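K.L.:
One structure is given below, represented as structure tokens, and several questions about it will come after.
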Amino acid sequence: MIIRCVNYIYSNLHSRITLETLADYTKLSASYLSKLFKKETGCSISEYISIQKIETAKNMLRYSDYTPSEIAQIL
């Protein structure tokens with residue numbers, strides 16, 4: 001289930017992703033998914049999403065022609 005969540009997060013970085021969205025996607029309760037995600041990854045779902053968005057923004061700044069404000073709007 002964690003791999004499914006991670007894949008969903010990568011595929012939807014441009015959207016607002018919540019614990020409830022991932023719980024619906026995986027058909028797990030939000031509290032169980034939250035505990036499982038933290039146990040498997042070492043960070044909360046919201047921390048993981050933030051980290052991924054920051055890494056993506058850094059790559060976009062380096063390798064694309066987008067301005068910082070455009071990147072902020074995308075992510």
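Identifiers in the structure tokens: chain A, B, ... in order shown; residue index from 1 per chain; ligand index from 1 in order shown.
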Near Thr26 of chain A, within 12 Å and counting only C-alpha atoms, which residues show up once chain neighbours fewer than 3 positions away are dropped, as a list in words?
P.N.:
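Here the qualifying residues turn out to be Met1, Ile2, Ile3, Arg4, Cys5, Val6, Asn7, Tyr8, Leu19, Glu20, Thr21, Leu22, Ala23, Ser29, Ala30, Tyr32, Leu33, Ser34 and Phe37 of chain A.
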K.L.:
Run DSSP on the backbone of this structure and report the residues of chain A it assigns to helix (DSSP H, G or I), as a ChimeraX atom specification.
P.N.:
/A:2-11,19-26,30-41,45-63,68-74
K.L.:
Need the shell around Ser50 of chain A: protein/DNA/RNA residues with any atom at most 12 Å away, counting only C-alpha atoms. Skip same-chain ones fewer than 5 positions apart. Format as an NGL selection string?
P.N.:
:A and (9-10 or 13-14 or 16-18 or 43-45 or 55-57 or 75)
K.L.:
To one decimal place, how far is atom CA of Asp24 of chain A from atom CA of Ala72 of chain A in Å?
P.N.:
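If I compute the distance from atom CA of Asp24 of chain A to atom CA of Ala72 of chain A, I get 26.4 Å.
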K.L.:
How many Å lie between atom CA of Asn12 of chain A and atom CA of Lys39 of chain A, rounded to one decimal?
P.N.:
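Straight-line distance from atom CA of Asn12 of chain A to atom CA of Lys39 of chain A works out to 22.6 Å.
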K.L.:
One decimal, Å: what's the distance from atom CA of Met60 of chain A over to atom CA of Glu40 of chain A, could you say?
P.N.:
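Rounded to one decimal, the two atoms are 27.9 Å apart.
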